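Data file: input05.cif. Format and content: mmCIF, C-alpha atoms.
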```
data_query
loop_
_atom_site.label_atom_id
_atom_site.label_comp_id
_atom_site.auth_asym_id
_atom_site.auth_seq_id
_atom_site.Cartn_x
_atom_site.Cartn_y
_atom_site.Cartn_z
CA MET A 1 106.28 101.39 102.01
CA ILE A 2 105.67 104.99 100.92
CA ASP A 3 108.43 106.39 103.12
CA THR A 4 110.90 103.67 102.09
CA GLN A 5 110.21 104.19 98.40
CA PHE A 6 110.49 107.96 98.84
CA GLN A 7 113.92 107.58 100.47
CA TYR A 8 115.15 105.23 97.74
CA GLN A 9 113.74 107.33 94.92
CA SER A 10 115.21 110.53 96.38
CA GLN A 11 118.70 109.01 96.32
CA LEU A 12 118.27 106.77 93.28
CA PRO A 13 115.76 108.36 90.86
CA HIS A 14 115.30 105.12 88.90
CA SER A 15 114.31 103.07 91.96
CA VAL A 16 111.07 101.10 91.66
CA VAL A 17 109.01 98.77 93.83
CA LEU A 18 107.99 95.27 92.68
CA ILE A 19 104.54 93.95 93.59
CA TYR A 20 104.13 90.18 93.27
CA ASP A 21 100.81 88.42 93.88
CA PRO A 22 101.43 84.72 94.65
CA ILE A 23 97.72 83.85 94.91
CA LYS A 24 96.88 85.15 91.45
CA THR A 25 100.05 83.64 89.98
CA ASN A 26 99.17 80.27 91.48
CA GLN A 27 95.86 80.45 89.63
CA GLY A 28 97.65 80.64 86.31
CA THR A 29 97.98 84.39 85.77
CA MET A 30 101.45 85.84 86.27
CA SER A 31 101.04 88.86 88.54
CA LEU A 32 104.12 91.07 88.72
CA GLN A 33 103.84 94.86 88.61
CA VAL A 34 106.41 97.63 88.91
CA PHE A 35 105.60 101.03 90.36
CA ARG A 36 107.33 104.27 91.26
CA LEU A 37 106.15 107.44 92.99
CA THR A 38 105.10 110.28 90.67
CA ASP A 39 106.89 113.61 90.62
CA GLU A 40 103.76 115.33 92.01
CA PHE A 41 103.65 113.06 95.04
CA MET A 42 107.40 113.28 95.58
CA SER A 43 107.14 117.08 95.68
CA VAL A 44 104.25 117.08 98.18
CA TYR A 45 105.83 114.40 100.37
CA LYS A 46 109.14 116.26 100.44
CA ALA A 47 107.40 119.47 101.56
CA GLY A 48 105.63 117.56 104.35
CA VAL A 49 102.40 119.57 104.04
CA PHE A 50 99.47 117.22 103.46
CA THR A 51 96.53 119.59 103.28
CA ALA A 52 93.76 119.86 100.70
CA ALA A 53 95.29 123.08 99.39
CA ALA A 54 98.71 121.42 98.95
CA PHE A 55 97.16 118.51 97.04
CA GLU A 56 95.15 120.86 94.85
CA ALA A 57 98.20 123.00 94.08
CA LYS A 58 100.02 119.94 92.70
CA GLN A 59 96.82 118.43 91.20
CA LEU A 60 97.49 115.35 93.31
CA THR A 61 94.76 112.72 93.64
CA PHE A 62 94.71 109.05 94.58
CA ASN A 63 95.03 108.24 90.87
CA ASN A 64 98.50 109.76 90.46
CA ILE A 65 100.33 108.70 93.61
CA PHE A 66 102.07 105.92 91.70
CA GLU A 67 102.91 105.43 88.07
CA GLU A 68 103.20 101.93 86.68
CA VAL A 69 106.33 100.97 84.79
CA PRO A 70 105.91 98.42 81.95
CA VAL A 71 107.40 94.97 82.60
CA ARG A 72 108.95 92.84 79.88
CA PHE A 73 110.10 89.23 80.34
CA ARG A 74 112.96 87.88 78.29
CA ALA A 75 114.30 84.32 78.28
CA ASN A 76 117.27 82.88 76.42
CA ILE A 77 117.03 79.74 74.31
CA LEU A 78 118.24 77.44 77.11
CA SER A 79 115.52 78.68 79.46
CA THR A 80 112.93 78.12 76.74
CA VAL A 81 114.11 74.55 76.19
CA LEU A 82 114.00 73.88 79.94
CA LEU A 83 110.47 75.20 80.21
CA LYS A 84 109.36 73.01 77.31
CA GLN A 85 110.90 69.94 78.99
CA ILE A 86 109.20 70.76 82.28
CA GLU A 87 105.90 71.31 80.50
CA GLY A 88 106.19 67.96 78.75
CA ALA A 89 107.11 66.11 81.94
CA SER A 90 104.47 67.81 84.09
CA GLU A 91 101.52 65.73 85.19
CA ILE A 92 99.38 68.83 85.77
CA ASP A 93 96.52 69.41 83.38
CA THR A 94 97.58 72.87 82.21
CA ALA A 95 94.30 73.69 80.44
CA ASN A 96 92.19 72.80 83.46
CA HIS A 97 94.59 74.65 85.76
CA VAL A 98 94.39 77.85 83.73
CA LEU A 99 90.60 77.62 83.38
CA SER A 100 90.07 76.86 87.05
CA LEU A 101 87.26 78.87 88.65
CA GLN A 102 88.55 78.36 92.18
CA THR A 103 89.13 82.01 93.05
CA GLU A 104 87.71 81.93 96.57
CA SER A 105 91.03 82.60 98.31
CA PHE A 106 91.85 85.59 96.10
CA VAL A 107 88.40 87.14 96.39
CA GLU A 108 88.18 86.47 100.12
CA LYS A 109 91.56 88.06 100.81
CA ASN A 110 90.77 91.16 98.76
CA LEU A 111 87.38 91.54 100.44
CA GLU A 112 88.99 91.32 103.88
CA LEU A 113 91.52 94.01 102.94
CA LEU A 114 88.76 96.10 101.38
CA ILE A 115 86.69 96.01 104.58
CA GLU A 116 89.71 96.91 106.71
CA SER A 117 90.53 99.86 104.46
CA VAL A 118 86.93 101.09 104.55
CA ASP A 119 87.00 101.05 108.37
CA GLU A 120 90.32 102.90 108.46
CA LEU A 121 89.10 105.46 105.93
CA GLY A 122 85.98 105.99 108.01
CA ALA A 123 88.14 106.77 111.04
CA GLU A 124 90.17 109.29 109.01
CA GLN A 125 87.02 110.91 107.66
CA ALA A 126 85.73 111.25 111.23
CA LYS A 127 88.87 113.20 112.14
CA LEU A 128 88.36 115.55 109.20
CA ALA A 129 84.68 115.99 110.08
CA LYS A 130 85.59 116.86 113.66
CA HIS A 131 88.09 119.43 112.40
CA ALA A 132 85.47 120.95 110.06
CA GLN A 133 83.00 121.22 112.94
CA HIS A 134 85.63 122.90 115.11
CA VAL A 135 86.44 125.43 112.37
CA ALA A 136 82.75 126.15 111.78
CA ARG A 137 82.21 126.70 115.50
CA GLN A 138 85.13 129.13 115.66
CA LYS A 139 83.83 131.06 112.62
CA GLN A 140 80.42 131.33 114.26
CA MET A 141 81.96 132.67 117.48
CA VAL A 142 84.00 135.23 115.51
CA ALA A 143 80.93 136.31 113.52
CA GLN A 144 78.94 136.84 116.72
CA TRP A 145 81.82 138.77 118.28
CA LEU A 146 82.13 141.01 115.21
CA ALA A 147 78.39 141.71 115.26
CA ARG A 148 78.61 142.81 118.89
CA ARG A 149 81.69 144.89 118.19
CA ARG A 150 80.00 146.67 115.24
CA ALA A 151 77.05 147.52 117.45
CA GLU A 152 79.41 148.75 120.16
CA ASN A 153 81.37 150.87 117.67
CA GLY A 154 78.13 152.35 116.39
CA ALA A 155 77.36 153.52 119.90
CA ARG A 156 80.91 154.82 120.36
CA ARG A 157 80.72 156.84 117.14
CA ALA A 158 77.45 158.36 118.34
CA ARG A 159 79.34 159.52 121.42
CA ASN A 160 82.22 160.79 119.24
CA GLU A 161 84.54 158.12 120.64
CA ALA A 162 87.21 156.24 118.68
CA PRO A 163 85.97 152.86 117.39
CA LEU A 164 87.55 149.61 118.56
CA PRO A 165 89.17 147.11 116.14
CA GLU A 166 86.70 145.08 114.08
CA THR A 167 88.95 142.35 112.68
CA ALA A 168 88.88 138.58 112.88
CA ALA A 169 92.33 138.65 114.48
CA ALA A 170 91.07 140.93 117.24
CA ALA A 171 88.08 138.62 117.75
CA ALA A 172 90.27 135.53 117.99
CA ASP A 173 92.57 137.29 120.46
CA ASP A 174 89.72 138.51 122.64
CA LEU A 175 87.99 135.10 122.60
CA GLY A 176 91.25 133.21 123.14
CA LEU A 177 90.85 131.16 119.98
CA LYS A 178 93.82 129.31 118.57
CA PRO A 179 94.16 128.55 114.83
CA ALA A 180 92.77 125.11 114.08
CA THR A 181 95.44 122.89 112.52
CA GLU A 182 94.10 120.92 109.58
CA PRO A 183 94.68 117.16 110.02
CA SER A 184 96.96 115.43 107.56
CA ARG A 185 95.09 114.13 104.53
CA LEU A 186 97.90 111.82 103.47
CA GLU A 187 96.44 108.74 105.15
CA SER A 188 93.04 109.35 103.57
CA LEU A 189 94.67 109.74 100.16
CA LEU A 190 96.60 106.48 100.52
CA LEU A 191 93.58 104.57 101.84
CA THR A 192 91.52 105.79 98.89
CA ARG A 193 94.22 104.50 96.56
CA GLN A 194 94.15 101.14 98.35
CA LEU A 195 90.38 100.90 98.04
CA ALA A 196 90.60 101.64 94.32
CA SER A 197 93.28 98.95 93.90
CA TYR A 198 91.22 96.30 95.70
CA CYS A 199 88.12 97.19 93.67
CA ASP A 200 90.12 97.04 90.41
CA ALA A 201 91.54 93.64 91.39
CA LEU A 202 88.08 92.26 92.16
CA THR A 203 86.71 93.68 88.91
CA ASP A 204 89.53 92.11 86.88
CA GLU A 205 89.06 88.78 88.63
CA ALA A 206 85.32 88.85 88.00
CA GLY A 207 85.91 89.59 84.32
CA ALA A 208 88.46 86.78 83.99
CA SER A 209 86.18 84.32 85.78
CA TYR A 210 83.29 85.30 83.52
CA ALA A 211 85.45 84.68 80.44
CA LYS A 212 86.59 81.30 81.84
CA LEU A 213 82.99 80.33 82.53
CA HIS A 214 81.97 81.00 78.93
CA THR A 215 85.07 79.15 77.64
CA LEU A 216 84.31 76.09 79.76
CA ASP A 217 80.68 76.20 78.66
CA ALA A 218 81.76 76.29 75.01
CA LEU A 219 84.18 73.37 75.56
CA ARG A 220 81.47 71.34 77.26
CA ARG A 221 79.02 71.91 74.39
CA THR A 222 81.73 70.96 71.89
CA ALA A 223 82.51 67.76 73.81
CA GLN A 224 78.82 66.82 73.88
CA GLU A 225 78.54 67.22 70.13
#
```

Could you take the file, read its structure, and then write that structure out as structure tokens?
Amino acid sequence: MIDTQFQYQSQLPHSVVLIYDPIKTNQGTMSLQVFRLTDEFMSVYKAGVFTAAAFEAKQLTFNNIFEEVPVRFRANILSTVLLKQIEGASEIDTANHVLSLQTESFVEKNLELLIESVDELGAEQAKLAKHAQHVARQKQMVAQWLARRRAENGARRARNEAPLPETAAAAADDLGLKPATEPSRLESLLLTRQLASYCDALTDEAGASYAKLHTLDALRRTAQE
């Protein structure tokens, strides 16, 4: 979705993506959100360099990948009349439907997606950890080489001989080390954003269910009186 939205937004700056949640809507809460990629993310994605330094330069975090666009619903008078007629003819108990506490499907789906994202993020973090270990090992080899070279140059100076190069580049060349390419951090950034979205959705659902529970409890006490 990221690449598709980037292509659309590059050609049509006002392009947006619509996110519709049928499960939450079916529970009585209209769920329709509109998002677009931020300028910071567009700049980084266009450059194609997804390193920690590139993200830091643009102050890009998982919180500012997308920006939400406000949504407003408008209906003409005929649509309003039709909705009123449908509401009057409906046999569904609207109050009970809205106050329903049956949120198992929504919570279960979000938990499944949350677990999958955690596993995927763990795999990405393992790649970054492996890269960090490789870089640390190379630095250690270079440091040991430089220590030997300094000792060797000390002996050469004592013999009035010209010293040999004592640079990291010379060490890497002598040891046959190749520059370690930093893995892309884009996937980790997107997975972190997904995790945050799933956690926010579960938090909102828990808050709504808690409010419904207190409302139903108040209605039951009122009915008993």

Selection: 9 Å around range 178-180 of chain A, all atoms listed in the file, excl. self and same-chain fewer than 2 positions, as a PDB file with C-alpha atoms, in the coordinates of the input:
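Produced file out16.pdb, reproduced below:
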```pdb
ATOM      1  CA  HIS A 131      88.090 119.430 112.400  1.00  0.00           C
ATOM      2  CA  HIS A 134      85.630 122.900 115.110  1.00  0.00           C
ATOM      3  CA  VAL A 135      86.440 125.430 112.370  1.00  0.00           C
ATOM      4  CA  GLN A 138      85.130 129.130 115.660  1.00  0.00           C
ATOM      5  CA  ALA A 172      90.270 135.530 117.990  1.00  0.00           C
ATOM      6  CA  ASP A 173      92.570 137.290 120.460  1.00  0.00           C
ATOM      7  CA  GLY A 176      91.250 133.210 123.140  1.00  0.00           C
ATOM      8  CA  GLU A 182      94.100 120.920 109.580  1.00  0.00           C
TER       9      GLU A 182
END
```

Tell me, in Å to one decimal, how far CA of Ser105 in chain A is from CA of Leu191 in chain A. 22.4 Å

Coordinates-based distance that separates CA of Glu56 in chain A from CA of Met42 in chain A (Å, one decimal): 14.4 Å

Enter the distance from CA of Gln59 in chain A to CA of Ser197 in chain A, in Å, rounded to one decimal.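 Going from CA of Gln59 in chain A over to CA of Ser197 in chain A, I get 20.0 Å.
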
Would you list the contacts of range 65-73 of chain A as a list in words, taking every protein, DNA or RNA residue within 8 Å and counting all atoms listed in the file, but skipping same-chain residues closer than 2 positions in sequence? Leu32, Gln33, Val34, Phe35, Arg36, Leu37, Thr38, Glu40, Phe41, Leu60, Thr61, Phe62, Asn63, Ala75 and Arg193 of chain A

Apply the PyMOL selection byres ((chain A and resi 175) around 12) to the structure shown and report the selected residues as a list in words.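 Evaluating the PyMOL selection byres ((chain A and resi 175) around 12) on this file yields Gln138, Lys139, Gln140, Met141, Val142, Ala143, Gln144, Trp145, Leu146, Ala168, Ala169, Ala170, Ala171, Ala172, Asp173, Asp174, Gly176, Leu177, Lys178 and Pro179 of chain A.
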
Please provide as an NGL selection string all residues within 9 Å of range 1-10 of chain A, with the sequence filter that same-chain residues fewer than 2 positions apart are discarded (counting all atoms listed in the file). :A and (12-17 or 36-37 or 42 or 45-46)

Name the residues captured by the PyMOL selection byres ((chain A and resi 107) around 12) when it is applied to the shown file; answer as a VMD selection string. chain A and resid 23 to 24 101 to 106 108 to 114 198 to 206 209

When you look at Glu187 in chain A with a cut-off of 12 Å (counting all atoms listed in the file), what residues show up, excluding the ones that are within fewer than 6 positions of it in the same chain? I need them as a list in words. Ile2, Tyr45, Phe50, Thr51, Phe62, Ser117, Glu120, Leu121, Gly122, Ala123, Glu124, Gln125, Lys127, Leu128, Arg193 and Gln194 of chain A

Here is a test: counting only C-alpha atoms, which residue of A:Asp21, A:Ala57, A:Ser188, A:Thr215 is nearest to Ala126 in chain A?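 Of A:Asp21, A:Ala57, A:Ser188, A:Thr215, the one nearest Ala126 in chain A is A:Ser188, counting only C-alpha atoms.
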
Minimum-distance residue to Ala129 in chain A, chosen among A:Gly154, A:Pro165, A:Pro183, A:Gly48 (using all atoms listed in the file):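 Smallest separation from Ala129 in chain A among the options: A:Pro183.
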
Quick test: take range 163-175 of chain A, keep all heavy atoms, and write it as a compact mmCIF listing (two decimals), in the first residue's frame.
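out_18.txt written:
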```
# COMPACT_ATOMS: atom_id res chain seq x y z
N PRO A 163 57.70 5.21 8.37
CA PRO A 163 56.56 4.46 8.94
C PRO A 163 55.56 4.06 7.86
O PRO A 163 55.45 4.69 6.82
CB PRO A 163 55.94 5.46 9.92
CG PRO A 163 56.31 6.80 9.37
CD PRO A 163 57.66 6.64 8.75
N LEU A 164 54.82 3.00 8.13
CA LEU A 164 53.78 2.53 7.23
C LEU A 164 52.45 3.21 7.57
O LEU A 164 52.28 3.75 8.66
CB LEU A 164 53.64 1.01 7.36
CG LEU A 164 54.89 0.19 7.00
CD1 LEU A 164 54.66 -1.28 7.32
CD2 LEU A 164 55.25 0.38 5.53
N PRO A 165 51.50 3.23 6.64
CA PRO A 165 50.20 3.89 6.90
C PRO A 165 49.50 3.31 8.13
O PRO A 165 49.49 2.11 8.33
CB PRO A 165 49.41 3.63 5.62
CG PRO A 165 50.45 3.38 4.57
CD PRO A 165 51.58 2.70 5.27
N GLU A 166 48.92 4.21 8.92
CA GLU A 166 48.18 3.79 10.12
C GLU A 166 46.73 4.30 10.05
O GLU A 166 46.26 4.98 10.94
CB GLU A 166 48.86 4.35 11.38
CG GLU A 166 50.22 3.82 11.68
CD GLU A 166 50.78 4.37 12.98
OE1 GLU A 166 49.98 4.93 13.77
OE2 GLU A 166 51.99 4.27 13.21
N THR A 167 46.05 3.97 8.99
CA THR A 167 44.66 4.43 8.82
C THR A 167 43.70 3.24 8.80
O THR A 167 44.09 2.11 8.52
CB THR A 167 44.51 5.21 7.51
OG1 THR A 167 44.81 4.35 6.40
CG2 THR A 167 45.46 6.41 7.49
N ALA A 168 42.44 3.54 9.08
CA ALA A 168 41.43 2.50 9.04
C ALA A 168 41.26 1.95 7.63
O ALA A 168 40.99 0.76 7.44
CB ALA A 168 40.10 3.05 9.56
N ALA A 169 41.42 2.83 6.63
CA ALA A 169 41.30 2.38 5.23
C ALA A 169 42.41 1.39 4.89
O ALA A 169 42.17 0.37 4.21
CB ALA A 169 41.36 3.58 4.30
N ALA A 170 43.63 1.68 5.37
CA ALA A 170 44.73 0.76 5.11
C ALA A 170 44.50 -0.57 5.81
O ALA A 170 44.80 -1.64 5.27
CB ALA A 170 46.03 1.39 5.59
N ALA A 171 43.91 -0.51 7.02
CA ALA A 171 43.61 -1.74 7.76
C ALA A 171 42.57 -2.57 7.04
O ALA A 171 42.71 -3.79 6.89
CB ALA A 171 43.13 -1.38 9.16
N ALA A 172 41.50 -1.91 6.56
CA ALA A 172 40.45 -2.63 5.86
C ALA A 172 40.97 -3.25 4.57
O ALA A 172 40.62 -4.39 4.22
CB ALA A 172 39.30 -1.68 5.55
N ASP A 173 41.87 -2.54 3.88
CA ASP A 173 42.43 -3.06 2.64
C ASP A 173 43.35 -4.26 2.91
O ASP A 173 43.31 -5.26 2.20
CB ASP A 173 43.20 -1.95 1.93
CG ASP A 173 43.72 -2.39 0.57
OD1 ASP A 173 42.89 -2.72 -0.29
OD2 ASP A 173 44.96 -2.42 0.38
N ASP A 174 44.15 -4.15 3.94
CA ASP A 174 45.08 -5.24 4.27
C ASP A 174 44.33 -6.48 4.77
O ASP A 174 44.74 -7.61 4.49
CB ASP A 174 46.07 -4.76 5.32
CG ASP A 174 47.17 -5.78 5.58
OD1 ASP A 174 47.87 -6.15 4.62
OD2 ASP A 174 47.31 -6.21 6.74
N LEU A 175 43.25 -6.26 5.52
CA LEU A 175 42.47 -7.38 6.06
C LEU A 175 41.44 -7.91 5.08
O LEU A 175 40.80 -8.94 5.34
CB LEU A 175 41.77 -6.94 7.36
CG LEU A 175 42.68 -6.58 8.53
CD1 LEU A 175 41.86 -5.96 9.66
CD2 LEU A 175 43.42 -7.81 9.03
```
